[in-house]
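For reference, coords.txt is printed below; it contains compact mmCIF, C-alpha atoms.
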# COMPACT_ATOMS: atom_id res chain seq x y z
CA MET A 1 -12.85 64.29 -71.22
CA THR A 2 -11.00 65.15 -68.06
CA VAL A 3 -10.22 62.60 -65.43
CA SER A 4 -12.13 64.48 -62.73
CA SER A 5 -15.36 64.17 -64.69
CA VAL A 6 -15.06 60.40 -64.68
CA ILE A 7 -14.00 59.74 -61.13
CA PRO A 8 -16.19 61.07 -58.33
CA PRO A 9 -14.55 63.31 -55.75
CA LEU A 10 -13.56 61.75 -52.47
CA THR A 11 -16.47 61.98 -50.07
CA LEU A 12 -15.69 60.47 -46.72
CA ARG A 13 -18.82 61.56 -44.91
CA LEU A 14 -22.01 59.57 -44.82
CA ALA A 15 -24.58 60.73 -47.33
CA PRO A 16 -27.53 62.67 -45.89
CA GLU A 17 -30.71 60.86 -44.96
CA GLY A 18 -33.23 60.11 -47.70
CA GLY A 19 -33.19 58.51 -51.09
CA ALA A 20 -34.41 55.05 -51.87
CA ALA A 21 -32.08 52.09 -51.70
CA PRO A 22 -30.38 51.68 -55.06
CA VAL A 23 -31.39 48.72 -57.13
CA ARG A 24 -28.66 47.20 -59.22
CA PRO A 25 -30.03 46.37 -62.63
CA GLU A 26 -29.95 42.73 -63.54
CA PRO A 27 -27.36 41.98 -66.22
CA ALA A 28 -28.85 40.93 -69.51
CA LEU A 29 -28.56 37.16 -69.90
CA SER A 30 -29.63 37.00 -73.54
CA GLY A 31 -26.31 38.14 -74.92
CA GLY A 32 -24.40 34.91 -74.74
CA PRO A 33 -20.65 34.55 -74.35
CA THR A 34 -19.77 36.33 -77.58
CA GLU A 35 -21.30 39.63 -76.46
CA PRO A 36 -18.51 42.16 -75.95
CA LEU A 37 -17.85 43.29 -72.41
CA ARG A 38 -19.77 46.38 -71.48
CA ASP A 39 -17.52 49.34 -70.98
CA VAL A 40 -18.15 49.70 -67.28
CA VAL A 41 -15.87 52.63 -66.67
CA PRO A 42 -15.04 54.82 -69.64
CA SER A 43 -11.50 53.86 -70.45
CA PHE A 44 -8.72 56.34 -70.86
CA VAL A 45 -8.29 57.19 -74.52
CA PRO A 46 -5.06 59.06 -75.22
CA LYS A 47 -5.42 62.02 -77.49
CA PRO A 48 -3.53 61.98 -80.79
CA LEU A 49 -0.22 63.71 -80.54
CA PRO A 50 -0.60 67.38 -81.45
CA GLY A 51 2.66 67.45 -83.38
CA ALA A 52 3.78 71.01 -84.09
CA ALA A 53 0.43 72.49 -83.12
CA PRO A 54 0.52 74.29 -79.80
CA ALA A 55 -1.00 72.38 -76.88
CA SER A 56 -4.26 73.70 -75.53
CA GLU A 57 -2.82 74.04 -72.04
CA PRO A 58 0.83 74.89 -71.42
CA PHE A 59 2.69 72.24 -69.48
CA GLU A 60 3.67 74.85 -66.96
CA SER A 61 0.08 75.30 -65.82
CA VAL A 62 -0.40 71.52 -65.69
CA LEU A 63 2.53 71.37 -63.28
CA ASP A 64 1.08 74.27 -61.35
CA ARG A 65 -2.21 72.45 -60.93
CA LEU A 66 -0.39 69.30 -59.83
CA VAL A 67 1.47 71.16 -57.11
CA GLY A 68 -1.77 72.85 -56.06
CA GLU A 69 -3.50 69.49 -55.81
CA VAL A 70 -0.72 68.07 -53.65
CA GLN A 71 -0.86 71.15 -51.46
CA ALA A 72 -4.65 70.80 -51.11
CA ARG A 73 -4.27 67.18 -50.03
CA GLN A 74 -1.61 68.04 -47.49
CA THR A 75 -3.91 70.70 -46.07
CA ALA A 76 -6.83 68.26 -45.99
CA ALA A 77 -4.69 65.70 -44.15
CA GLN A 78 -3.56 68.29 -41.67
CA GLU A 79 -7.14 69.38 -41.06
CA ALA A 80 -8.25 65.78 -40.60
CA VAL A 81 -5.55 65.11 -38.00
CA GLN A 82 -6.38 68.34 -36.21
CA GLY A 83 -10.07 67.48 -36.28
CA LEU A 84 -9.25 64.08 -34.81
CA LEU A 85 -7.06 65.44 -32.02
CA SER A 86 -9.34 68.31 -31.09
CA GLY A 87 -12.31 65.99 -30.74
CA GLN A 88 -14.36 67.33 -33.65
CA GLY A 89 -15.61 63.87 -34.47
CA VAL A 90 -13.23 62.94 -37.27
CA PRO A 91 -12.75 59.16 -37.01
CA LEU A 92 -9.24 57.75 -36.86
CA HIS A 93 -9.47 55.95 -40.19
CA GLN A 94 -10.51 59.11 -42.04
CA ALA A 95 -7.46 60.93 -40.76
CA MET A 96 -5.24 58.03 -41.77
CA ILE A 97 -6.81 57.83 -45.24
CA ALA A 98 -6.29 61.56 -45.71
CA LEU A 99 -2.63 61.17 -44.72
CA GLU A 100 -2.26 58.24 -47.09
CA GLU A 101 -3.72 60.21 -49.99
CA ALA A 102 -1.43 63.12 -49.22
CA GLN A 103 1.53 60.76 -49.32
CA VAL A 104 0.51 59.13 -52.61
CA SER A 105 -0.10 62.47 -54.31
CA PHE A 106 3.23 63.77 -53.05
CA GLN A 107 4.92 60.65 -54.40
CA LEU A 108 3.26 61.30 -57.76
CA MET A 109 4.60 64.84 -57.77
CA VAL A 110 8.10 63.61 -56.93
CA GLU A 111 7.94 61.09 -59.78
CA VAL A 112 6.90 63.77 -62.27
CA ARG A 113 9.77 65.97 -61.07
CA ASN A 114 12.22 63.08 -61.41
CA ARG A 115 11.16 62.42 -65.01
CA LEU A 116 11.45 66.08 -65.90
CA LEU A 117 14.91 66.31 -64.42
CA GLU A 118 15.97 63.14 -66.20
CA ALA A 119 14.83 64.56 -69.51
CA TYR A 120 16.67 67.80 -68.85
CA GLN A 121 19.91 66.04 -67.94
CA GLU A 122 19.56 63.86 -71.03
CA LEU A 123 19.34 67.00 -73.14
CA MET A 124 22.31 68.63 -71.43
CA ARG A 125 24.47 65.57 -72.10
CA MET A 126 23.71 65.73 -75.80
CA GLN A 127 26.81 66.08 -78.00
CA VAL A 128 26.75 69.07 -80.28
CA MET B 129 -10.10 66.00 -56.73
CA VAL B 130 -8.87 62.89 -58.43
CA GLU B 131 -9.20 59.65 -56.52
CA LEU B 132 -5.69 58.24 -56.21
CA LEU B 133 -6.42 55.17 -54.11
CA PRO B 134 -8.79 52.74 -55.85
CA GLY B 135 -11.92 51.88 -53.91
CA VAL B 136 -11.17 54.25 -51.08
CA GLN B 137 -14.63 55.74 -51.08
CA SER B 138 -16.43 52.46 -50.45
CA THR B 139 -13.81 51.32 -47.96
CA ALA B 140 -13.96 54.53 -45.96
CA SER B 141 -17.73 54.37 -45.77
CA ALA B 142 -17.58 50.72 -44.65
CA LEU B 143 -15.03 51.55 -41.95
CA THR B 144 -17.30 54.30 -40.64
CA ALA B 145 -20.29 51.95 -40.68
CA GLU B 146 -18.40 49.21 -38.83
CA ARG B 147 -17.28 51.71 -36.25
CA ILE B 148 -20.89 52.67 -35.58
CA ARG B 149 -21.75 48.96 -35.34
CA MET B 150 -18.98 48.52 -32.76
CA ASP B 151 -20.30 51.53 -30.84
CA VAL B 152 -23.76 49.98 -30.70
CA ILE B 153 -22.41 46.59 -29.58
CA ALA B 154 -20.36 48.30 -26.86
CA GLN B 155 -23.49 50.14 -25.77
CA ASN B 156 -25.42 46.86 -25.60
CA ILE B 157 -22.74 45.20 -23.48
CA ALA B 158 -22.42 48.24 -21.23
CA ASN B 159 -26.15 48.38 -20.59
CA ILE B 160 -26.61 44.66 -19.98
CA ASN B 161 -27.79 45.30 -16.40
CA THR B 162 -29.54 48.64 -16.96
CA THR B 163 -33.01 48.49 -15.44
CA ARG B 164 -33.73 52.17 -15.90
CA GLY B 165 -33.08 53.55 -19.35
CA LEU B 166 -33.68 57.06 -20.65
CA ASP B 167 -37.43 56.44 -20.87
CA GLY B 168 -37.61 54.91 -17.38
CA LYS B 169 -38.03 51.41 -18.80
CA PRO B 170 -35.28 48.78 -18.94
CA TYR B 171 -32.70 49.29 -21.69
CA GLN B 172 -33.68 47.88 -25.08
CA ARG B 173 -30.99 46.10 -27.06
CA GLN B 174 -30.16 48.08 -30.24
CA ARG B 175 -29.04 46.75 -33.58
CA VAL B 176 -27.62 48.34 -36.70
CA VAL B 177 -29.06 48.14 -40.20
CA PHE B 178 -26.71 48.81 -43.11
CA GLN B 179 -27.73 50.31 -46.42
CA THR B 180 -26.05 50.94 -49.75
CA ILE B 181 -25.70 54.55 -50.78
CA LEU B 182 -26.24 55.48 -54.39
CA ASN B 183 -23.53 57.76 -55.62
CA GLN B 184 -25.57 60.81 -56.55
CA ARG B 185 -23.10 62.24 -59.00
CA LEU B 186 -22.95 59.27 -61.32
CA ALA B 187 -26.40 57.92 -60.70
CA ALA B 188 -27.15 57.50 -64.41
CA ASP B 189 -25.74 53.96 -64.45
CA PRO B 190 -25.77 52.58 -60.88
CA GLY B 191 -24.15 49.34 -61.98
CA ALA B 192 -21.00 51.12 -63.08
CA THR B 193 -20.42 53.30 -60.00
CA PRO B 194 -18.98 52.44 -56.63
CA GLN B 195 -21.67 51.81 -54.05
CA PRO B 196 -20.59 52.78 -50.55
CA VAL B 197 -22.41 51.70 -47.42
CA ARG B 198 -23.83 53.53 -44.47
CA VAL B 199 -25.83 52.86 -41.35
CA ALA B 200 -29.45 53.29 -42.38
CA ARG B 201 -30.80 53.25 -38.84
CA ILE B 202 -30.23 51.90 -35.35
CA GLU B 203 -33.37 50.09 -34.35
CA PRO B 204 -34.37 48.54 -31.03
CA ASP B 205 -34.63 44.81 -30.68
CA PRO B 206 -38.27 44.07 -29.84
CA ARG B 207 -37.45 41.27 -27.39
CA PRO B 208 -39.33 41.75 -24.10
CA PRO B 209 -37.28 42.22 -20.92
CA LYS B 210 -36.60 39.21 -18.75
CA LEU B 211 -37.99 39.22 -15.23
CA VAL B 212 -35.71 38.34 -12.32
CA TYR B 213 -37.00 37.91 -8.80
CA ASP B 214 -35.19 40.41 -6.58
CA PRO B 215 -37.53 42.09 -4.07
CA GLY B 216 -34.78 44.28 -2.62
CA HIS B 217 -34.05 46.01 -5.93
CA PRO B 218 -35.26 49.63 -6.15
CA ASP B 219 -36.80 48.94 -9.58
CA ALA B 220 -38.68 45.83 -8.47
CA ASN B 221 -42.41 45.77 -9.22
CA ALA B 222 -45.18 44.94 -6.73
CA GLU B 223 -44.51 41.19 -7.03
CA GLY B 224 -40.78 41.67 -6.44
CA PHE B 225 -39.68 41.10 -10.05
CA VAL B 226 -37.08 43.30 -11.75
CA ALA B 227 -37.15 43.72 -15.55
CA PHE B 228 -33.65 43.31 -17.02
CA PRO B 229 -32.85 43.83 -20.72
CA ASP B 230 -32.79 40.52 -22.59
CA ILE B 231 -29.19 40.77 -23.82
CA ASN B 232 -27.22 37.62 -24.46
CA LEU B 233 -23.57 38.35 -23.75
CA HIS B 234 -22.39 35.50 -25.99
CA GLN B 235 -24.34 36.87 -28.92
CA GLU B 236 -22.89 40.32 -28.35
CA MET B 237 -19.35 38.91 -28.23
CA VAL B 238 -19.90 37.07 -31.52
CA ASP B 239 -21.23 40.30 -33.05
CA LEU B 240 -18.20 42.13 -31.73
CA ILE B 241 -15.82 39.65 -33.34
CA ALA B 242 -17.74 39.83 -36.61
CA ALA B 243 -17.60 43.64 -36.60
CA SER B 244 -13.89 43.71 -35.87
CA ARG B 245 -13.16 41.16 -38.60
CA ALA B 246 -15.21 43.17 -41.08
CA PHE B 247 -13.19 46.24 -40.08
CA GLU B 248 -9.98 44.30 -40.65
CA ALA B 249 -11.14 43.15 -44.08
CA ASN B 250 -11.74 46.74 -45.13
CA LEU B 251 -8.34 47.74 -43.80
CA ALA B 252 -6.82 45.00 -45.95
CA VAL B 253 -8.55 46.48 -49.00
CA LEU B 254 -7.09 49.86 -48.16
CA LYS B 255 -3.62 48.42 -47.69
CA ASN B 256 -3.78 46.74 -51.09
CA ALA B 257 -5.08 49.92 -52.73
CA ARG B 258 -2.15 51.82 -51.28
CA SER B 259 0.44 49.34 -52.46
CA MET B 260 -1.20 49.26 -55.90
CA ALA B 261 -0.94 53.04 -56.15
CA LEU B 262 2.70 53.11 -55.02
CA GLN B 263 3.63 50.26 -57.36
CA THR B 264 1.93 52.09 -60.22
CA LEU B 265 4.07 55.13 -59.48
CA SER B 266 7.17 53.03 -59.94
CA ILE B 267 6.36 52.24 -63.58
CA GLY B 268 9.41 52.82 -65.70
CA LYS B 269 11.63 53.60 -62.76
CA ARG B 270 15.30 52.81 -63.34
CA THR B 271 16.21 51.23 -60.04
Please lay out the structure from this file as structure tokens.
Amino acid sequence: MTVSSVIPPLTLRLAPEGGAAPVRPEPALSGGPTEPLRDVVPSFVPKPLPGAAPASEPFESVLDRLVGEVQARQTAAQEAVQGLLSGQGVPLHQAMIALEEAQVSFQLMVEVRNRLLEAYQELMRMQV
Amino acid sequence: MVELLPGVQSTASALTAERIRMDVIAQNIANINTTRGLDGKPYQRQRVVFQTILNQRLAADPGATPQPVRVARIEPDPRPPKLVYDPGHPDANAEGFVAFPDINLHQEMVDLIAASRAFEANLAVLKNARSMALQTLSIGKRT
């Protein structure tokens, strides 16, 4: 299961008109305190380590996708700010949220790069 | 795209909704003395009705998905206009009464404060979500 299938994409616009008001189902009261907690959001289950078997996706392409994602967020933030300044009806908070997300994703990319570099330097220091 | 900031979808929708509420309150205050609205009648006070949006993508279990908010509609307040005796006014009727919108400025100010506080509360959620995300990124960091 990929993460993107669990978490909905960011939609900042109001949903179109129509659709009945959602009704939250009443929680079952018959269970009692010993009933296990319902798994509200499917929790992240790490896959077993593949060992010597080749990974399904090379790490290189994972990195590539990460950089692409960061780039997409930067572009989205830029578009939001431009839409705000050119009077296209983008509210201030949406532009700020887009900037914030761009920053957090960039930070994530920097952290991944730092770990990679650390691992590399660790290897290079290894005594032979 | 992956959602990096927790709860940002609901918060963003609430901020948009509160902005619209502020717009409507500003419109009410601005038109407090309007005797001739778009339809020729005195301005009618408007009010905002909020509604929860069901996330269409994960609608299978509505209890387990974030439920953002939106403005369902802006509806007029049915209060009748108040009549003020002012025979010199161009919109006065045959008896010399002018129909003014029945807007209570105090009530509008209270609504304005409530809307701005609700906006602030949502901003606080966003601020916390941001610091949570940045703190999570510092897991395992060797200072």
Provide the atom CA of Ala95 of chain A to atom CA of Ala242 of chain B distance in Å, to one decimal place.
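Computing it gives 23.8 Å between the two atoms.
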Selected residue, from B:Lys210, B:Glu236, B:Val199, B:Ala261, that lies nearest to Thr180 of chain B when counting all atoms listed in the file:
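Comparing B:Lys210, B:Glu236, B:Val199, B:Ala261 against Thr180 of chain B, the winner is B:Val199.
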What is the atom CA of Glu100 of chain A to atom CA of Ala77 of chain A distance in Å?
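These two atoms are separated by 8.4 Å.
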So that I can see what lies close to segment 246-248 of chain B, please list as a PDB file with C-alpha atoms, in the coordinates of the input the residues with an atom at most 8 Å from it, counting only C-alpha atoms and leaving out residues fewer than 4 positions away in the same chain.
ATOM      1  CA  ALA B 142     -17.580  50.720 -44.650  1.00  0.00           C
ATOM      2  CA  LEU B 143     -15.030  51.550 -41.950  1.00  0.00           C
ATOM      3  CA  GLU B 146     -18.400  49.210 -38.830  1.00  0.00           C
ATOM      4  CA  ARG B 147     -17.280  51.710 -36.250  1.00  0.00           C
ATOM      5  CA  ALA B 242     -17.740  39.830 -36.610  1.00  0.00           C
ATOM      6  CA  ALA B 252      -6.820  45.000 -45.950  1.00  0.00           C
TER       7      ALA B 252
END
Could you list, as a compact mmCIF listing (two decimals) with C-alpha atoms, in the coordinates of the input, every residue within 12 Å of Ser105 of chain A, counting all atoms listed in the file and ignoring same-chain residues fewer than 5 positions away?
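What follows is the written file out_11.txt:
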# COMPACT_ATOMS: atom_id res chain seq x y z
CA LEU A 66 -0.39 69.30 -59.83
CA VAL A 67 1.47 71.16 -57.11
CA GLY A 68 -1.77 72.85 -56.06
CA GLU A 69 -3.50 69.49 -55.81
CA VAL A 70 -0.72 68.07 -53.65
CA GLN A 71 -0.86 71.15 -51.46
CA ALA A 72 -4.65 70.80 -51.11
CA ARG A 73 -4.27 67.18 -50.03
CA GLN A 74 -1.61 68.04 -47.49
CA ALA A 77 -4.69 65.70 -44.15
CA ALA A 98 -6.29 61.56 -45.71
CA LEU A 99 -2.63 61.17 -44.72
CA GLU A 100 -2.26 58.24 -47.09
CA VAL A 110 8.10 63.61 -56.93
CA GLU A 111 7.94 61.09 -59.78
CA VAL A 112 6.90 63.77 -62.27
CA MET B 129 -10.10 66.00 -56.73
CA VAL B 130 -8.87 62.89 -58.43
CA GLU B 131 -9.20 59.65 -56.52
CA LEU B 132 -5.69 58.24 -56.21
CA LEU B 133 -6.42 55.17 -54.11
CA ARG B 258 -2.15 51.82 -51.28
CA ALA B 261 -0.94 53.04 -56.15
CA LEU B 262 2.70 53.11 -55.02
CA LEU B 265 4.07 55.13 -59.48
